[in-house]
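Trainee: Below is input.csv; it holds CSV, C-alpha atoms.
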```
chain,number,residue,atom,x,y,z
A,805,MET,CA,32.3,-0.2,172.0
A,806,ASP,CA,29.9,2.8,172.6
A,807,PHE,CA,28.1,4.1,169.5
A,808,LEU,CA,27.1,7.8,169.7
A,809,ARG,CA,24.9,9.7,167.3
A,810,PRO,CA,24.9,13.5,168.0
A,811,ALA,CA,21.9,15.4,166.6
A,812,GLY,CA,24.0,18.4,165.7
A,813,TRP,CA,27.5,19.9,165.4
A,814,GLU,CA,27.6,21.5,168.9
A,815,GLU,CA,26.7,18.2,170.4
A,816,ALA,CA,29.4,16.4,168.4
A,817,LEU,CA,32.0,19.0,169.7
A,818,ALA,CA,30.8,18.5,173.2
A,819,VAL,CA,31.3,14.7,172.9
A,820,LYS,CA,34.7,15.1,171.5
A,821,ALA,CA,35.7,17.5,174.2
A,822,GLU,CA,34.5,15.1,177.0
A,823,HIS,CA,36.0,12.0,175.3
A,824,PRO,CA,38.9,13.0,173.0
A,825,ASP,CA,39.5,9.4,172.1
A,826,THR,CA,36.1,9.2,170.3
A,827,VAL,CA,36.6,8.2,166.7
A,828,PRO,CA,34.3,10.2,164.3
A,829,ILE,CA,32.7,8.4,161.4
A,830,ALA,CA,30.8,9.9,158.4
A,831,GLY,CA,31.0,7.8,155.3
A,832,GLY,CA,32.8,5.0,157.2
A,833,THR,CA,34.7,3.9,154.1
A,834,ASP,CA,38.1,4.1,156.0
A,835,VAL,CA,37.2,3.5,159.6
A,836,MET,CA,34.9,0.5,159.1
A,837,VAL,CA,37.6,-1.3,157.1
A,838,GLU,CA,40.0,-1.0,160.0
A,839,ILE,CA,37.4,-2.1,162.5
A,840,ASN,CA,36.2,-5.0,160.3
A,841,PHE,CA,39.8,-6.3,160.0
A,842,ASP,CA,40.3,-5.8,163.7
A,843,ARG,CA,43.1,-3.3,163.1
A,844,ARG,CA,41.3,-0.8,165.3
A,845,ARG,CA,39.0,-1.1,168.2
A,846,PRO,CA,38.0,2.3,169.6
A,847,ASP,CA,36.1,2.6,172.8
A,848,ARG,CA,33.7,5.1,171.3
A,849,LEU,CA,32.5,5.6,167.7
A,850,MET,CA,30.6,8.8,166.9
A,851,ASP,CA,28.4,8.8,163.8
A,852,LEU,CA,28.2,12.3,162.2
A,853,GLY,CA,25.5,11.3,159.8
A,854,ARG,CA,22.8,13.5,161.4
A,855,VAL,CA,25.0,16.7,161.2
A,856,GLU,CA,23.4,18.2,158.1
A,857,GLU,CA,25.7,21.1,157.7
A,858,LEU,CA,28.7,18.8,157.1
A,859,ARG,CA,27.1,17.8,153.8
A,860,ASP,CA,26.8,21.3,152.5
A,861,TRP,CA,29.2,23.2,150.1
A,862,GLU,CA,29.4,26.8,149.2
A,863,VAL,CA,31.0,28.2,146.0
A,864,GLY,CA,32.4,31.7,146.7
A,865,GLU,CA,33.9,34.2,144.4
A,866,GLU,CA,37.5,32.9,145.1
A,867,THR,CA,37.1,29.7,147.1
A,868,VAL,CA,34.9,26.7,147.6
A,869,ARG,CA,34.0,25.6,151.1
A,870,LEU,CA,33.4,21.8,151.3
A,871,GLY,CA,31.6,20.4,154.3
A,872,ALA,CA,33.6,17.5,155.7
A,873,SER,CA,30.9,15.0,154.6
A,874,VAL,CA,30.5,16.2,151.0
A,875,THR,CA,30.9,13.0,149.0
A,876,TYR,CA,33.2,12.3,146.1
A,877,THR,CA,30.1,11.8,143.9
A,878,GLN,CA,28.9,15.3,144.7
A,879,ILE,CA,32.3,16.8,143.9
A,880,MET,CA,32.3,15.0,140.6
A,881,GLU,CA,28.8,16.0,139.6
A,882,ASN,CA,28.8,19.6,140.9
A,883,LEU,CA,32.3,21.0,141.2
A,884,ARG,CA,34.3,19.9,138.1
A,885,THR,CA,34.8,23.5,136.9
A,886,GLU,CA,35.8,25.0,140.3
A,887,LEU,CA,37.8,22.0,141.5
A,888,PRO,CA,38.9,20.0,138.5
A,889,GLY,CA,41.9,18.3,140.1
A,890,LEU,CA,39.8,17.1,143.0
A,891,ALA,CA,37.0,16.0,140.7
A,892,ILE,CA,39.4,13.8,138.7
A,893,ALA,CA,40.8,12.3,141.8
A,894,SER,CA,37.3,11.7,143.1
A,895,HIS,CA,36.5,9.7,140.0
A,896,THR,CA,39.3,7.3,140.7
A,897,VAL,CA,38.1,6.4,144.2
A,898,ALA,CA,37.0,2.8,144.6
A,899,SER,CA,33.4,2.1,143.3
A,900,PRO,CA,30.2,4.2,142.8
A,901,GLN,CA,28.9,2.9,146.2
A,902,ILE,CA,32.0,4.1,148.0
A,903,ARG,CA,32.1,7.4,146.1
A,904,ASN,CA,28.4,7.9,147.2
A,905,ARG,CA,29.5,7.5,150.9
A,906,GLY,CA,33.1,8.6,151.3
A,907,GLY,CA,34.4,12.2,151.2
A,908,VAL,CA,37.4,14.4,151.7
A,909,GLY,CA,36.9,14.9,155.4
A,910,GLY,CA,37.3,11.2,156.0
A,911,ASN,CA,40.4,11.0,153.8
A,912,LEU,CA,41.9,13.9,155.9
A,913,GLY,CA,41.0,12.3,159.2
A,914,THR,CA,42.6,9.0,158.3
A,915,ALA,CA,45.6,10.8,156.7
A,916,SER,CA,46.8,7.7,154.9
A,917,PRO,CA,49.5,8.6,152.4
A,918,ALA,CA,47.6,6.6,149.9
A,919,GLY,CA,44.4,8.6,150.2
A,920,ASP,CA,43.2,9.7,146.8
A,921,ALA,CA,42.2,13.3,147.7
A,922,HIS,CA,45.5,14.3,149.3
A,923,PRO,CA,47.6,15.0,146.1
A,924,ALA,CA,44.8,17.2,144.6
A,925,LEU,CA,44.4,19.1,147.9
A,926,LEU,CA,48.1,19.8,148.1
A,927,ALA,CA,48.2,21.0,144.5
A,928,ALA,CA,45.3,23.3,145.1
A,929,GLY,CA,46.7,24.7,148.3
A,930,ALA,CA,43.7,23.8,150.5
A,931,GLU,CA,43.0,24.7,154.1
A,932,VAL,CA,41.4,22.4,156.7
A,933,GLU,CA,38.8,24.1,159.0
A,934,ALA,CA,39.2,22.4,162.4
A,935,GLU,CA,36.9,23.2,165.3
A,936,SER,CA,36.5,22.3,169.0
A,937,VAL,CA,34.6,23.8,171.9
A,938,ARG,CA,37.6,26.1,172.3
A,939,GLY,CA,37.1,27.6,168.8
A,940,SER,CA,38.0,27.1,165.2
A,941,ARG,CA,41.2,27.5,163.1
A,942,ARG,CA,42.4,27.0,159.6
A,943,ILE,CA,45.3,24.5,159.0
A,944,PRO,CA,47.2,25.0,155.7
A,945,ILE,CA,47.3,21.6,153.9
A,946,ASP,CA,51.1,21.8,153.8
A,947,ASP,CA,51.1,21.6,157.7
A,948,PHE,CA,48.3,19.1,158.1
A,949,TYR,CA,50.1,15.8,157.6
A,950,THR,CA,52.5,15.1,160.5
A,951,GLY,CA,53.4,11.4,160.0
A,952,VAL,CA,52.1,8.1,158.8
A,953,LYS,CA,48.3,8.2,159.3
A,954,ARG,CA,48.8,11.2,161.6
A,955,ASN,CA,47.6,14.8,161.3
A,956,ALA,CA,47.7,18.1,163.0
A,957,LEU,CA,44.3,17.9,164.7
A,958,ALA,CA,44.2,18.4,168.4
A,959,PRO,CA,42.6,15.5,170.3
A,960,ASP,CA,39.4,17.5,170.9
A,961,GLU,CA,39.1,18.8,167.3
A,962,LEU,CA,36.9,17.7,164.4
A,963,ILE,CA,37.2,18.6,160.8
A,964,ARG,CA,34.3,20.9,159.8
A,965,ALA,CA,35.2,21.8,156.3
A,966,VAL,CA,37.9,22.2,153.7
A,967,HIS,CA,38.5,25.5,151.9
A,968,ILE,CA,39.9,25.3,148.4
A,969,ALA,CA,40.7,28.1,146.0
A,970,ARG,CA,38.7,27.9,142.7
A,971,ALA,CA,41.0,26.8,139.9
A,972,ASP,CA,42.5,29.7,137.9
A,973,GLY,CA,44.2,27.3,135.5
A,974,PRO,CA,44.3,23.6,134.5
A,975,GLN,CA,44.6,20.9,137.1
A,976,GLN,CA,45.3,17.2,136.6
A,977,PHE,CA,45.5,14.0,138.6
A,978,SER,CA,46.9,10.6,137.8
A,979,LYS,CA,47.0,7.4,139.8
A,980,VAL,CA,48.8,4.0,139.3
A,981,GLY,CA,47.1,0.9,140.7
A,982,THR,CA,47.1,-2.8,140.2
A,983,ARG,CA,43.8,-2.6,138.4
A,984,ASN,CA,41.4,0.2,137.2
A,985,ALA,CA,38.9,0.2,140.1
A,986,MET,CA,38.6,-0.7,143.8
A,987,VAL,CA,42.3,-0.4,144.3
A,988,ILE,CA,44.6,1.4,146.7
A,989,ALA,CA,47.1,3.7,144.8
A,990,VAL,CA,50.6,2.3,144.2
A,991,CYS,CA,51.3,6.0,143.8
A,992,ALA,CA,49.5,9.2,142.6
A,993,PHE,CA,50.4,12.6,141.3
A,994,ALA,CA,48.5,15.9,141.0
A,995,LEU,CA,49.5,19.1,139.2
A,996,ALA,CA,47.9,22.5,139.3
A,997,LEU,CA,48.9,25.5,137.1
A,998,HIS,CA,48.2,28.9,138.7
A,999,PRO,CA,48.6,31.4,135.8
A,1000,ARG,CA,47.5,34.4,137.9
A,1001,THR,CA,50.5,34.0,140.3
A,1002,ARG,CA,52.6,32.2,137.7
A,1003,THR,CA,53.2,29.4,140.1
A,1004,VAL,CA,52.9,25.6,140.0
A,1005,ARG,CA,51.9,23.3,142.8
A,1006,THR,CA,52.0,19.5,143.0
A,1007,GLY,CA,50.9,16.7,145.2
A,1008,ILE,CA,52.3,13.1,145.5
A,1009,GLY,CA,50.5,10.3,147.2
A,1010,SER,CA,51.6,6.8,148.4
A,1011,ALA,CA,55.3,7.5,147.7
A,1012,ALA,CA,56.5,8.9,151.1
A,1013,PRO,CA,55.4,8.5,154.7
A,1014,THR,CA,52.9,11.4,154.2
A,1015,PRO,CA,51.4,13.0,151.1
A,1016,VAL,CA,54.1,15.5,149.9
A,1017,ARG,CA,54.7,18.2,147.4
A,1018,ALA,CA,57.6,18.2,144.8
A,1019,ALA,CA,58.8,21.6,145.8
A,1020,ASP,CA,62.0,21.6,143.7
A,1021,ALA,CA,60.1,20.5,140.7
A,1022,GLU,CA,57.5,23.2,141.2
A,1023,GLU,CA,60.1,25.9,141.5
A,1024,PHE,CA,62.0,24.7,138.4
A,1025,LEU,CA,58.9,24.5,136.2
A,1026,ALA,CA,57.5,27.8,137.2
A,1027,GLY,CA,60.9,29.4,136.5
A,1028,ALA,CA,61.3,27.7,133.2
A,1029,LEU,CA,57.9,28.8,132.0
A,1030,GLU,CA,58.7,32.3,133.1
A,1031,GLU,CA,62.1,32.4,131.4
A,1032,GLU,CA,60.8,30.9,128.2
A,1033,GLY,CA,57.9,33.4,128.1
A,1034,LEU,CA,55.4,30.5,128.0
A,1035,TRP,CA,52.9,31.9,130.4
A,1036,GLU,CA,52.2,34.6,127.8
A,1037,SER,CA,52.9,32.8,124.5
A,1038,ARG,CA,51.3,29.5,125.6
A,1039,GLY,CA,54.0,27.9,123.4
A,1040,THR,CA,55.1,24.3,123.6
A,1041,VAL,CA,57.0,23.2,126.7
A,1042,PRO,CA,60.5,22.0,125.6
A,1043,PRO,CA,60.9,18.3,126.1
A,1044,SER,CA,64.1,18.9,128.2
A,1045,VAL,CA,62.0,21.0,130.6
A,1046,ALA,CA,59.3,18.3,130.9
A,1047,ALA,CA,62.0,15.7,131.5
A,1048,HIS,CA,63.8,17.6,134.2
A,1049,PHE,CA,60.5,18.4,135.9
A,1050,ALA,CA,59.8,14.7,136.0
A,1051,ARG,CA,63.2,13.8,137.4
A,1052,LEU,CA,62.8,16.4,140.2
A,1053,ALA,CA,59.3,15.1,141.0
A,1054,ALA,CA,60.7,11.6,141.4
A,1055,ALA,CA,63.5,12.8,143.5
A,1056,SER,CA,60.9,14.3,145.9
A,1057,CYS,CA,59.7,10.9,146.9
A,1058,ALA,CA,60.7,8.7,149.8
A,1059,PRO,CA,59.0,5.5,148.9
A,1060,ILE,CA,59.2,2.0,150.3
A,1061,ASP,CA,58.9,-1.6,149.0
A,1062,ASP,CA,55.6,-3.2,149.8
A,1063,VAL,CA,53.1,-5.7,148.4
A,1064,ARG,CA,51.8,-3.1,146.0
A,1065,GLY,CA,55.1,-2.0,144.4
A,1066,THR,CA,58.8,-1.4,144.9
A,1067,ALA,CA,60.4,1.9,145.8
A,1068,ALA,CA,62.1,2.0,142.4
A,1069,TYR,CA,58.9,1.4,140.6
A,1070,ARG,CA,57.1,4.2,142.5
A,1071,ARG,CA,59.9,6.7,141.7
A,1072,HIS,CA,59.7,5.7,138.0
A,1073,ALA,CA,55.9,5.9,138.0
A,1074,VAL,CA,55.9,9.4,139.7
A,1075,ALA,CA,58.3,10.6,137.0
A,1076,VAL,CA,56.0,9.3,134.2
A,1077,MET,CA,52.8,10.8,135.8
A,1078,ALA,CA,54.6,14.1,136.4
A,1079,ARG,CA,55.5,14.3,132.7
A,1080,ARG,CA,52.0,13.2,131.5
A,1081,THR,CA,50.0,15.5,133.8
A,1082,LEU,CA,52.2,18.4,132.7
A,1083,GLY,CA,51.5,17.6,129.1
A,1084,TRP,CA,47.7,17.3,129.7
A,1085,SER,CA,47.6,20.5,131.7
A,1086,TRP,CA,49.7,22.5,129.3
A,1087,GLU,CA,47.6,21.5,126.3
A,1088,SER,CA,44.5,22.6,128.2
A,1089,TYR,CA,46.2,25.9,129.1
A,1090,ARG,CA,47.2,26.4,125.4
A,1091,GLY,CA,43.6,25.9,124.4
A,1092,GLY,CA,42.4,28.4,126.9
A,1093,ARG,CA,40.7,25.9,129.2
A,1094,SER,CA,40.9,25.7,133.0
A,1095,ALA,CA,38.9,22.5,133.3
A,1096,PRO,CA,40.5,19.1,132.7
A,1097,CYS,CA,40.8,17.7,129.2
A,1098,GLY,CA,39.2,14.3,130.1
```
Starting from the coordinates I provided, produce the structure as structure tokens.

Mentor:
Amino acid sequence: MDFLRPAGWEEALAVKAEHPDTVPIAGGTDVMVEINFDRRRPDRLMDLGRVEELRDWEVGEETVRLGASVTYTQIMENLRTELPGLAIASHTVASPQIRNRGGVGGNLGTASPAGDAHPALLAAGAEVEAESVRGSRRIPIDDFYTGVKRNALAPDELIRAVHIARADGPQQFSKVGTRNAMVIAVCAFALALHPRTRTVRTGIGSAAPTPVRAADAEEFLAGALEEEGLWESRGTVPPSVAAHFARLAAASCAPIDDVRGTAAYRRHAVAVMARRTLGWSWESYRGGRSAPCG
């Protein structure tokens, strides 16, 4: 195995263009696990640790641009107000050591349906900035996941950054695991309320071949909030609305039975998380807060 260490971004793109099978590594929290367990043996591994710009983030008036190597710890410590859903999800990732190394770019590159960042990115409507020597493009997060551990990147492309709209309403994230830390999600659910557009977005992890949204549940909830005048009144969401939202969220899954949980359990857990995250988010909205309650 060849180990490459480009000094800058342009050099990294040149390597990827010449050898498209090169596997990039930044935090290494996903790739090194696969290598150590001999599940993957790439001919070339490219360390992006010296590419400084990948560790930068920029808070704009409407969006946040996260460099691909910005760590979960940095998100938790610096962007809880702007990206509350992603900050909560970051807090659930593994251990402090891994949160200090791993980041959203690696989660996207691996594209595992169990990646903790994916539900929050789907709920927030993120865009992935991909680049090659041919140029750059933005990939909407809804189009990014193409199959189990597959994404929409071309063979010569690298992830440079992720663009995420600043929260205009409450966001929440919930995860079920076999213990409280150092665990792969049995399933996960994210919810974002967008009062400015009076829309709702969701994200579901580890309950389908790819991370997915619960589109029918989103449409139902947004319509119910509008019909009941709740966006303006901030009144209580009727229990029947919350229950139906949960059922629709569970119906959006396509889970499997595996060592971490059964398909039936995953559907049940998604319904429970959908109802709970709605409750937490709506209480925050009623209180006039955009940031998470916890």

Trainee: Hey, which of A:Arg848, A:Arg903, A:Arg1064, A:Arg1002 ends up closest to A:Glu1031? Count only C-alpha atoms.

Mentor: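 Closest to A:Glu1031, using only C-alpha atoms: A:Arg1002.
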
Trainee: Can you work out which one of A:Arg859, A:Arg884, A:Arg954, A:Arg942 has the shortest atom-to-atom distance to A:Asn911, counting all atoms listed in the file?

Mentor: A:Arg954

Trainee: Taking only C-alpha atoms into account, name the residue in A:Ala1011, A:Val908, A:Ala898, A:Ala811 that is nearest to A:Ala992.

Mentor: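 Answer, going by the shortest atom-to-atom distance: A:Ala1011.
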
Trainee: Fewer than 3 positions away in the same chain doesn't count, so skip those; otherwise give me all residues within 8 Å of A:Leu912, counting only C-alpha atoms, as a VMD selection string.

Mentor: chain A and resid 908 to 909 915 to 916 922 955

Trainee: Which residues are near A:Ser1037? Cut-off 12 Å, only C-alpha atoms, ignore same chain within fewer than 6 positions. Put them as a list in words.

Mentor: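 Listing them by chain and then by number gives Leu1029, Glu1030, Glu1031, Trp1086, Tyr1089, Arg1090, Gly1091 and Gly1092 of chain A.
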
Trainee: Could you check which of A:Leu925, A:Glu822, A:Ala971, A:Ala958 is closest to A:Thr885, using only C-alpha atoms?

Mentor: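 Using only C-alpha atoms, the shortest distance to A:Thr885 belongs to A:Ala971.
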
Trainee: If you measure from atom CA of A:Phe993 to atom CA of A:Gly1009, what distance in Å do you get, rounded to one decimal?

Mentor: 6.3 Å

Trainee: Go through A:Pro1059, A:Pro846, A:Gly1033, A:Gly864 and flag the residue nearest A:Glu886, using only C-alpha atoms for the distances.

Mentor: A:Gly864

Trainee: Quick one: of A:Leu1034, A:Ala1055, A:Ala969, A:Ala872, who's nearest to A:Arg905, counting only C-alpha atoms?

Mentor: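 Closest residue, counting only C-alpha atoms: A:Ala872.
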
Trainee: Find the residues near A:Ala1053: any atom within 7 Å, counting only C-alpha atoms, skip ones fewer than 5 places away on the same chain, and give them as a PyMOL selection string.

Mentor: chain A and resi 1018+1021+1074-1075+1078

Trainee: I'd like the neighbourhood of stretch 1022-1024 of chain A as an mmCIF file with C-alpha atoms, keeping the file's coordinate frame, where a residue qualifies if any of its atoms comes within 9 Å (using all atoms listed in the file), though same-chain residues fewer than 6 positions away should be ignored.

Mentor:
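Here's the written file part39.cif:
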```cif
data_model
loop_
_atom_site.group_PDB
_atom_site.id
_atom_site.type_symbol
_atom_site.label_atom_id
_atom_site.label_comp_id
_atom_site.auth_asym_id
_atom_site.auth_seq_id
_atom_site.Cartn_x
_atom_site.Cartn_y
_atom_site.Cartn_z
ATOM 1 C CA THR A 1003 53.200 29.400 140.100
ATOM 2 C CA VAL A 1004 52.900 25.600 140.000
ATOM 3 C CA ARG A 1005 51.900 23.300 142.800
ATOM 4 C CA THR A 1006 52.000 19.500 143.000
ATOM 5 C CA VAL A 1045 62.000 21.000 130.600
ATOM 6 C CA HIS A 1048 63.800 17.600 134.200
ATOM 7 C CA PHE A 1049 60.500 18.400 135.900
ATOM 8 C CA LEU A 1052 62.800 16.400 140.200
ATOM 9 C CA ALA A 1053 59.300 15.100 141.000
#
```

Trainee: Would you mind reading off the distance between atom CA of A:Thr1014 and atom CA of A:Ala1067, one decimal, in Å?

Mentor: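 These two atoms are separated by 14.7 Å.
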
Trainee: What box, with edges along x, y and z, holds each listed atom of stretch 1036-1042 of chain A when 8 Å is added on every side, and can you state its centre and edge lengths in Å to one decimal, as lines of an AutoDock Vina configuration file?

Mentor:
```
center_x = 55.9
center_y = 28.3
center_z = 125.6
size_x = 25.2
size_y = 28.6
size_z = 20.4
```

Trainee: Provide the atom CA of A:Asp834 to atom CA of A:Met850 distance in Å, to one decimal place.

Mentor: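 Going from atom CA of A:Asp834 over to atom CA of A:Met850, I get 14.0 Å.
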
Trainee: Using only C-alpha atoms, can you list as an MDAnalysis selection string the residues within 12 Å of (39.9, 16.5, 169.2)?

Mentor: chainID A and resid 816:828 913 934:940 955:964

Trainee: Quick one: residues within 12 Å of A:Thr1081, all atoms listed in the file counted, chain neighbours fewer than 5 positions away excluded, as a list in words?

Mentor: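 In the requested format, the answer is Gly889, Ile892, Pro974, Gln975, Gln976, Phe977, Ser978, Lys979, Ala992, Phe993, Ala994, Leu995, Ala996, Leu997, Thr1006, Gly1007, Ala1046, Phe1049, Ala1050, Ala1053, Val1074, Ala1075, Val1076, Trp1086, Glu1087, Ser1088, Pro1096, Cys1097 and Gly1098 of chain A.
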